[in-house]
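Here's the structure we're looking at; comments come further down.
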Amino acid sequence: MNNVPQDAAEMARLVRQADELTAVRLLQAWGSKQRLIGGRDELVRRMEASHAEA
């Protein structure tokens, strides 16, 4: 799955089309992607704050 949906509505549409096991896997992959993006954004914010203090 190369094109992961960017919003919950699109993800929900895909989930409705999938069987239960596939739906769980899709939600896990999407959640993992969202956590990765959040972690990256937090790291960038901290680096910017650190540079601003220096």
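Order determines the names: the first chain of the structure tokens is A, the second B, and so forth; residues in each chain are numbered 1 upward, and ligands are numbered 1 upward as they are shown.
Neighbouring residues of stretch 4-6 of chain A at 10 Å or closer, counting only C-alpha atoms and skipping chain neighbours under 2 positions away, are A:Met1, A:Asn2, A:Ala8, A:Ala9, A:Glu10, A:Met11, A:Ala12, A:Arg13, A:Leu14, A:Leu26, A:Ala29, A:Trp30, A:Lys33, A:Gln34.
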Residues of chain A in helix (DSSP H, G or I), written as a PyMOL selection string: chain A and resi 8-17+20-53
Kindly give the distance, in Å, that separates atom CA of A:Arg35 and atom CA of A:Gln17, rounded to a single decimal. 24.1 Å
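Picture a line from atom CA of A:Ala49 to atom CA of A:Ser32; it runs 25.7 Å.
Atom to atom, atom CA of A:Arg25 and atom CA of A:Asp41 stand 24.3 Å apart.
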